[in-house]
Amino acid sequence: MPDATVILDATAIQRALTRIAHEIAERNERSAEVALVGIPVGGDHLAARLAKILAGIWNHAVPVGILDTTMHRDDLDQRIAPTVHPTEIPFDVNGKTIVLVDDVLFSGRTTRAAMDALNDFGRPKKIQLAVLIDRGHRDLPIKADFIGKNVPTSLDEKISLLLTEAGAAADQVILKKK
Amino acid sequence: MSWTKKHLLDIESLTAEEIITVLDTARGFKAVGERAIKKVPALRGKTVVNLFVEPSTRTRISFELAAQRLSADIVNFSADASSFKKGETLKDTALNLQALNADFIIIRHGASGAPHFLSRVLDAHVINAGDGAHEHPTQALLDVFTIRERKGKIAGLNVTILGDILYSRVARSDIWALTKLGAKVTLCGPSTLVPKTFEQMGCRVTHDVDEAIRDADIINLLRIQHERQRKTMFPSIGEYTQLFGLNKARLAKTKPDALIMHPGPINRGVEIDSEIADSGRSVILEQVTNGLAVRMAVLFLVNGGKALAEATAS
């Protein structure tokens, strides 16, 4: 497609994740309390990558979960039913610092749904938000704690994250006109 | 992968992709039932009516819990305590329920086609919970969900449905779902209850039970539906059990990993030996658990189907 621009390549994605991991480590001194929860599609793979980097920094394994937010969305009446992905939270969230991991922060509605969904599993001590891309245009008062790259966009643009875990040939973040 | 239908009336009109969409969606909802908080807000503020003109316990309770776990409000409407006794027609009853702003009508009715009729006269989503001897779509969906979960696939499996096929809406829905997903379906039972005409639906028909179950990966047993038979279709229950009941001797001659299914309620000692029903080969109770997840998925998906209908209309 002619209007597609690569805004992050594989090296840049890896560098951004490494920096985010160090920022998470810097912010959270009690490493044993931290768990990562990825939002599919995209955030789940990023959470797994961040956990691997954090394990290297902290010298212990970091729990990782997957949280589907579709059942908590606020637009279910206005669209075809979204694809429901399995949720797996293989640890107790009570008292933990949960870092939500998403690929792109846009309206903030997914983050709101994720915070609601997380509440069904218990009461985390803190919830933080890590995103690879912040593209602006928030509908809700939500702000990310850790950002890979700020990308000013217009509403008719679309950002896609391609990862090798999801079958892509190479890791890429692509910006294109709808 | 998306679902664009406003109602769930039958399996016959679904594509294989639509069936798979329900199964994939149900996987996510099954996990909800395993949490401490078994409730999600997906249908918050919606009203669901269980309109059961024919008696049922497990399907009604399953839909009731499914609606509640999606945060919808649900009312039960049963034939014996209702205005049907006073002569109100189905259409008038349904319009009255709609006048209360019901968003979903789940209907079980003795007449084939009753859900289709309601879908034409109502704005609400209509879900078929069993119509006469026609279809019972959510039962078929939970059956294929259970098979896929246990066997990892549907295509290429040998599925034998054993028992009262003629009067069974479960059998018809199962046959549609299984053949659409590529399973090889064999029907078996007394010739009066398993006529050769079913071969037109793409099944193999046999009256020799040992041959029917020998190569089966799944043995789905159906109850003899005394209430639907106008005359006796076979000499006696005892003879049926002897000729077609699943007992240990027969089971010993099947594949060691063949699974036993039954939509319930089971008649122990008639179509199934009591010990087999309780054995590790039986997935009968898993079917009940999966039924709840599948019904949550169906409610969730048809809710989105309405949004599409309105979007295309405007």
# chains A, B, ... in the order shown; residues from 1 in each chain; ligands from 1

$ residues_around --residues "region 165-182 of chain B" --least-positions-apart "5" --cutoff "8 Å" --atoms "only C-alpha atoms" --output "compact mmCIF listing (two decimals) with C-alpha atoms, in the first residue's frame"
# COMPACT_ATOMS: atom_id res chain seq x y z
CA ASP B 10 -31.60 -22.97 13.61
CA ILE B 11 -28.28 -24.53 12.64
CA GLU B 12 -29.39 -25.26 9.08
CA THR B 15 -22.29 -21.36 7.84
CA ALA B 16 -19.37 -23.39 9.18
CA ILE B 19 -20.57 -22.05 13.99
CA GLY B 130 -36.10 -26.12 20.91
CA ASP B 131 -39.05 -26.14 18.51
CA GLY B 132 -41.02 -29.36 18.13
CA ALA B 133 -39.00 -32.05 16.38
CA HIS B 134 -37.29 -29.41 14.22
CA GLU B 135 -34.14 -27.98 15.86
CA HIS B 136 -32.43 -27.29 19.18
CA PRO B 137 -29.51 -25.16 17.98
CA GLN B 139 -27.69 -28.08 22.13
CA ALA B 140 -25.89 -28.80 18.85
CA LEU B 141 -23.49 -25.91 19.46
CA ASP B 143 -22.20 -30.69 21.55
CA VAL B 144 -19.71 -29.60 18.89
CA ILE B 154 -14.39 -32.01 14.39
CA ALA B 155 -13.50 -32.68 10.76
CA GLY B 156 -12.95 -36.33 9.97
CA LEU B 157 -14.34 -37.66 13.26
CA LEU B 187 -27.42 -42.70 12.80
CA GLY B 189 -31.73 -47.06 16.30
CA LEU B 193 -37.24 -44.26 14.74
CA VAL B 194 -34.34 -44.02 12.28
CA PRO B 195 -35.83 -43.96 8.78
CA MET B 201 -29.04 -35.06 5.25
CA GLY B 202 -25.66 -36.60 4.46
CA CYS B 203 -25.66 -39.30 7.16
CA LEU B 222 -30.54 -39.77 22.67
CA GLN B 225 -39.07 -39.33 23.75
CA ARG B 228 -43.61 -37.12 21.28
CA GLN B 229 -44.67 -40.58 20.13
CA PRO B 263 -28.14 -34.26 25.99

$ closest_atom_pairs --of "chain A" --to "chain B" --cutoff "8 Å" --atoms "only C-alpha atoms" --output "JSON lines"
{"residue": "A:Met71", "atom": "CA", "partner": "B:Ala42", "partner_atom": "CA", "distance": 4.9}
{"residue": "A:His72", "atom": "CA", "partner": "B:Pro41", "partner_atom": "CA", "distance": 5.8}
{"residue": "A:Arg73", "atom": "CA", "partner": "B:Ala42", "partner_atom": "CA", "distance": 7.2}
{"residue": "A:Leu76", "atom": "CA", "partner": "B:Gly304", "partner_atom": "CA", "distance": 6.5}
{"residue": "A:Asp77", "atom": "CA", "partner": "B:Ala307", "partner_atom": "CA", "distance": 5.9}
{"residue": "A:Gln78", "atom": "CA", "partner": "B:Ala307", "partner_atom": "CA", "distance": 5.3}
{"residue": "A:Arg79", "atom": "CA", "partner": "B:Ala307", "partner_atom": "CA", "distance": 5.4}
{"residue": "A:Ile80", "atom": "CA", "partner": "B:Gly304", "partner_atom": "CA", "distance": 4.2}
{"residue": "A:Ala81", "atom": "CA", "partner": "B:Gly304", "partner_atom": "CA", "distance": 4.4}
{"residue": "A:Pro82", "atom": "CA", "partner": "B:Ser2", "partner_atom": "CA", "distance": 7.4}
{"residue": "A:Thr83", "atom": "CA", "partner": "B:Thr25", "partner_atom": "CA", "distance": 6.7}
{"residue": "A:Val84", "atom": "CA", "partner": "B:Thr25", "partner_atom": "CA", "distance": 5.2}
{"residue": "A:His85", "atom": "CA", "partner": "B:Gly28", "partner_atom": "CA", "distance": 5.7}
{"residue": "A:Pro86", "atom": "CA", "partner": "B:Gly28", "partner_atom": "CA", "distance": 4.5}
{"residue": "A:Thr87", "atom": "CA", "partner": "B:Gly28", "partner_atom": "CA", "distance": 6.8}
{"residue": "A:Ala117", "atom": "CA", "partner": "B:Val40", "partner_atom": "CA", "distance": 7.8}
{"residue": "A:Asp120", "atom": "CA", "partner": "B:Ile37", "partner_atom": "CA", "distance": 5.6}
{"residue": "A:Phe121", "atom": "CA", "partner": "B:Ile37", "partner_atom": "CA", "distance": 7.0}

$ select_by_dssp --residues "chain A" --states "alpha helix (DSSP H)" --output "number ranges by chain"
A: 10-27, 43-58, 109-119

$ write_last_selection --atoms "C-alpha atoms" --output "compact mmCIF listing (two decimals), in the first residue's frame"
# COMPACT_ATOMS: atom_id res chain seq x y z
CA ALA A 10 12.21 -4.60 14.81
CA THR A 11 15.25 -2.93 16.39
CA ALA A 12 13.29 0.14 17.42
CA ILE A 13 10.52 -2.01 18.96
CA GLN A 14 13.07 -4.01 20.94
CA ARG A 15 14.82 -0.81 22.09
CA ALA A 16 11.51 0.74 23.16
CA LEU A 17 10.56 -2.38 25.14
CA THR A 18 13.97 -2.46 26.84
CA ARG A 19 13.56 1.15 27.89
CA ILE A 20 9.99 0.54 29.14
CA ALA A 21 11.23 -2.45 31.14
CA HIS A 22 13.90 -0.32 32.80
CA GLU A 23 11.35 2.38 33.57
CA ILE A 24 9.04 -0.23 35.13
CA ALA A 25 11.96 -1.50 37.21
CA GLU A 26 12.88 2.03 38.26
CA ARG A 27 9.32 2.91 39.27
CA GLY A 43 -0.47 -6.48 24.13
CA ASP A 44 -0.32 -10.12 25.18
CA HIS A 45 2.83 -10.72 23.14
CA LEU A 46 4.38 -7.43 24.26
CA ALA A 47 3.73 -8.36 27.92
CA ALA A 48 5.54 -11.66 27.41
CA ARG A 49 8.53 -9.83 25.87
CA LEU A 50 8.62 -7.26 28.68
CA ALA A 51 8.49 -10.05 31.28
CA LYS A 52 11.53 -11.65 29.72
CA ILE A 53 13.51 -8.39 29.83
CA LEU A 54 12.36 -7.65 33.40
CA ALA A 55 13.36 -11.13 34.52
CA GLY A 56 16.89 -10.29 33.33
CA ILE A 57 16.89 -7.02 35.26
CA TRP A 58 15.43 -8.40 38.49
CA ARG A 109 -11.78 2.99 26.26
CA THR A 110 -9.94 -0.32 26.08
CA THR A 111 -7.89 0.71 29.13
CA ARG A 112 -11.05 1.60 31.03
CA ALA A 113 -12.59 -1.78 30.08
CA ALA A 114 -9.38 -3.51 31.16
CA MET A 115 -9.42 -1.85 34.58
CA ASP A 116 -13.03 -2.97 35.04
CA ALA A 117 -12.23 -6.48 33.90
CA LEU A 118 -9.25 -6.67 36.24
CA ASN A 119 -11.46 -5.77 39.19

$ atom_distance --atom1 "CA of Ala67 (chain B)" --atom2 "CA of Thr93 (chain B)"
21.0 Å

$ closest_residue --among "A:Glu33, A:Phe146, A:Arg123, A:Val104" --to "Lys158 (chain A)" --atoms "only C-alpha atoms"
A:Val104

$ residues_around --residues "region 51-60 of chain B" --least-positions-apart "6" --cutoff "8 Å" --atoms "only C-alpha atoms" --output "list in words"
Asn76, Phe77, Ser78, Ala79, Asp80, Ile105, Ile106, Ile107, Arg108, His109, Gly110 and Ala129 of chain B

$ write_last_selection --atoms "N, CA and C atoms" --output "PDB file, in the first residue's frame"
ATOM      1  N   ASN B  76     -38.857 -15.510  33.740  1.00  0.00           N
ATOM      2  CA  ASN B  76     -39.279 -16.810  33.225  1.00  0.00           C
ATOM      3  C   ASN B  76     -40.777 -16.819  33.019  1.00  0.00           C
ATOM      4  N   PHE B  77     -41.166 -17.379  31.908  1.00  0.00           N
ATOM      5  CA  PHE B  77     -42.564 -17.413  31.538  1.00  0.00           C
ATOM      6  C   PHE B  77     -42.849 -18.850  31.149  1.00  0.00           C
ATOM      7  N   SER B  78     -43.634 -19.559  31.942  1.00  0.00           N
ATOM      8  CA  SER B  78     -43.857 -20.961  31.600  1.00  0.00           C
ATOM      9  C   SER B  78     -45.326 -21.198  31.267  1.00  0.00           C
ATOM     10  N   ALA B  79     -45.537 -22.172  30.428  1.00  0.00           N
ATOM     11  CA  ALA B  79     -46.861 -22.397  29.845  1.00  0.00           C
ATOM     12  C   ALA B  79     -47.934 -22.678  30.892  1.00  0.00           C
ATOM     13  N   ASP B  80     -47.602 -23.505  31.876  1.00  0.00           N
ATOM     14  CA  ASP B  80     -48.642 -23.946  32.797  1.00  0.00           C
ATOM     15  C   ASP B  80     -49.131 -22.822  33.700  1.00  0.00           C
ATOM     16  N   ILE B 105     -35.984 -12.763  23.359  1.00  0.00           N
ATOM     17  CA  ILE B 105     -36.996 -13.765  23.685  1.00  0.00           C
ATOM     18  C   ILE B 105     -36.382 -15.126  23.382  1.00  0.00           C
ATOM     19  N   ILE B 106     -36.276 -15.943  24.421  1.00  0.00           N
ATOM     20  CA  ILE B 106     -35.775 -17.306  24.244  1.00  0.00           C
ATOM     21  C   ILE B 106     -36.985 -18.210  24.265  1.00  0.00           C
ATOM     22  N   ILE B 107     -37.241 -18.876  23.168  1.00  0.00           N
ATOM     23  CA  ILE B 107     -38.492 -19.620  23.092  1.00  0.00           C
ATOM     24  C   ILE B 107     -38.280 -21.117  22.929  1.00  0.00           C
ATOM     25  N   ARG B 108     -39.036 -21.854  23.730  1.00  0.00           N
ATOM     26  CA  ARG B 108     -39.187 -23.292  23.511  1.00  0.00           C
ATOM     27  C   ARG B 108     -40.646 -23.532  23.233  1.00  0.00           C
ATOM     28  N   HIS B 109     -40.919 -24.258  22.155  1.00  0.00           N
ATOM     29  CA  HIS B 109     -42.307 -24.460  21.753  1.00  0.00           C
ATOM     30  C   HIS B 109     -42.471 -25.833  21.120  1.00  0.00           C
ATOM     31  N   GLY B 110     -43.646 -26.416  21.297  1.00  0.00           N
ATOM     32  CA  GLY B 110     -43.921 -27.736  20.732  1.00  0.00           C
ATOM     33  C   GLY B 110     -44.092 -27.723  19.225  1.00  0.00           C
ATOM     34  N   ALA B 129     -34.877 -22.269  21.638  1.00  0.00           N
ATOM     35  CA  ALA B 129     -34.435 -23.205  22.684  1.00  0.00           C
ATOM     36  C   ALA B 129     -35.080 -24.567  22.473  1.00  0.00           C
TER      37      ALA B 129
END

$ atom_distance --atom1 "CA of Val270 (chain B)" --atom2 "CA of Ile237 (chain B)"
7.0 Å

$ atom_distance --atom1 "CA of Thr254 (chain B)" --atom2 "CA of Ala216 (chain B)"
7.0 Å

$ residues_around --residues "Leu142 (chain B)" --least-positions-apart "6" --cutoff "7 Å" --atoms "only C-alpha atoms" --output "list in words"
Gln287, Asn290, Gly291 and Val294 of chain B

$ select_by_dssp --residues "region 72-256 of chain B" --states "strand (DSSP E or B)" --output "CSV table (one decimal) with C-alpha atoms, in the first residue's frame"
chain,number,residue,atom,x,y,z
B,73,ASP,CA,-32.3,-9.2,33.8
B,74,ILE,CA,-34.3,-12.3,33.1
B,75,VAL,CA,-37.9,-13.3,33.6
B,76,ASN,CA,-39.3,-16.8,33.2
B,77,PHE,CA,-42.6,-17.4,31.5
B,78,SER,CA,-43.9,-21.0,31.6
B,104,PHE,CA,-34.3,-11.1,23.9
B,105,ILE,CA,-37.0,-13.8,23.7
B,106,ILE,CA,-35.8,-17.3,24.2
B,107,ILE,CA,-38.5,-19.6,23.1
B,108,ARG,CA,-39.2,-23.3,23.5
B,109,HIS,CA,-42.3,-24.5,21.8
B,125,HIS,CA,-33.7,-11.0,19.3
B,126,VAL,CA,-35.2,-14.5,19.1
B,127,ILE,CA,-33.3,-17.5,20.2
B,128,ASN,CA,-34.6,-21.0,19.6
B,129,ALA,CA,-34.4,-23.2,22.7
B,130,GLY,CA,-36.1,-26.1,20.9
B,131,ASP,CA,-39.1,-26.1,18.5
B,135,GLU,CA,-34.1,-28.0,15.9
B,158,ASN,CA,-16.8,-40.5,13.2
B,159,VAL,CA,-19.9,-39.5,15.3
B,160,THR,CA,-22.6,-42.0,15.9
B,161,ILE,CA,-26.0,-40.7,17.1
B,162,LEU,CA,-27.9,-43.6,18.7
B,184,LYS,CA,-18.9,-38.3,9.4
B,185,VAL,CA,-22.3,-38.9,11.0
B,186,THR,CA,-23.9,-42.3,11.5
B,187,LEU,CA,-27.4,-42.7,12.8
B,188,CYS,CA,-28.6,-45.9,14.5
B,204,ARG,CA,-25.1,-43.0,7.1
B,205,VAL,CA,-28.1,-44.9,8.5
B,206,THR,CA,-27.8,-48.4,10.1
B,218,ILE,CA,-18.1,-40.0,19.6
B,219,ILE,CA,-21.2,-41.9,20.7
B,220,ASN,CA,-24.1,-39.5,21.2
B,221,LEU,CA,-27.0,-41.2,23.0
B,246,LEU,CA,-25.1,-48.9,25.6

$ residues_around --residues "Thr153 (chain A)" --least-positions-apart "6" --cutoff "12 Å" --atoms "only C-alpha atoms" --output "list of chain:residue names"
A:Ile7, A:Val104, A:Leu105, A:Phe106, A:Ile133, A:Asp134, A:Arg135, A:Gly136, A:His137, A:Arg138, A:Ile159, A:Leu175, A:Lys176, A:Lys177, A:Lys178

$ closest_residue --among "A:Ala144, A:Val151, A:Val34, A:Val173" --to "Ala61 (chain A)" --atoms "only C-alpha atoms"
A:Val34

$ closest_residue --among "A:Leu100, A:Lys125, A:Ser31, A:Asn94" --to "Gly65 (chain A)" --atoms "only C-alpha atoms"
A:Leu100

$ closest_residue --among "A:Gly108, A:Val37, A:Gln172, A:Ala166" --to "Asp74 (chain A)" --atoms "only C-alpha atoms"
A:Gly108

$ decode --residues "region 34-52 of chain A" --atoms "N, CA and C atoms" --output "compact mmCIF listing (two decimals), in the first residue's frame"
# COMPACT_ATOMS: atom_id res chain seq x y z
N VAL A 34 5.24 -7.05 41.32
CA VAL A 34 4.85 -6.63 39.96
C VAL A 34 4.43 -7.83 39.11
N ALA A 35 3.32 -7.65 38.42
CA ALA A 35 2.88 -8.64 37.43
C ALA A 35 2.44 -7.90 36.18
N LEU A 36 2.66 -8.52 35.02
CA LEU A 36 2.27 -7.89 33.75
C LEU A 36 1.00 -8.54 33.22
N VAL A 37 0.12 -7.73 32.68
CA VAL A 37 -1.11 -8.26 32.09
C VAL A 37 -1.28 -7.64 30.71
N GLY A 38 -1.21 -8.47 29.68
CA GLY A 38 -1.31 -7.99 28.30
C GLY A 38 -2.74 -8.03 27.79
N ILE A 39 -3.08 -7.06 26.96
CA ILE A 39 -4.42 -6.99 26.36
C ILE A 39 -4.32 -7.48 24.92
N PRO A 40 -5.03 -8.57 24.58
CA PRO A 40 -4.97 -9.04 23.19
C PRO A 40 -5.76 -8.11 22.26
N VAL A 41 -5.47 -8.00 20.95
CA VAL A 41 -4.39 -8.71 20.29
C VAL A 41 -3.18 -7.78 20.27
N GLY A 42 -2.01 -8.25 20.54
CA GLY A 42 -0.80 -7.42 20.48
C GLY A 42 -0.18 -7.26 21.85
N GLY A 43 -0.99 -6.73 22.79
CA GLY A 43 -0.47 -6.48 24.13
C GLY A 43 -0.04 -7.74 24.85
N ASP A 44 -0.68 -8.86 24.51
CA ASP A 44 -0.32 -10.12 25.18
C ASP A 44 1.11 -10.53 24.82
N HIS A 45 1.46 -10.37 23.54
CA HIS A 45 2.83 -10.72 23.14
C HIS A 45 3.84 -9.73 23.71
N LEU A 46 3.47 -8.44 23.72
CA LEU A 46 4.38 -7.43 24.26
C LEU A 46 4.63 -7.67 25.75
N ALA A 47 3.58 -8.08 26.49
CA ALA A 47 3.73 -8.36 27.92
C ALA A 47 4.72 -9.50 28.13
N ALA A 48 4.62 -10.52 27.28
CA ALA A 48 5.54 -11.66 27.41
C ALA A 48 6.98 -11.21 27.16
N ARG A 49 7.17 -10.31 26.16
CA ARG A 49 8.53 -9.83 25.87
C ARG A 49 9.07 -8.98 27.03
N LEU A 50 8.19 -8.11 27.55
CA LEU A 50 8.62 -7.26 28.68
C LEU A 50 9.00 -8.12 29.89
N ALA A 51 8.22 -9.17 30.12
CA ALA A 51 8.49 -10.05 31.28
C ALA A 51 9.86 -10.67 31.17
N LYS A 52 10.22 -11.03 29.93
CA LYS A 52 11.53 -11.65 29.72
C LYS A 52 12.65 -10.65 30.03
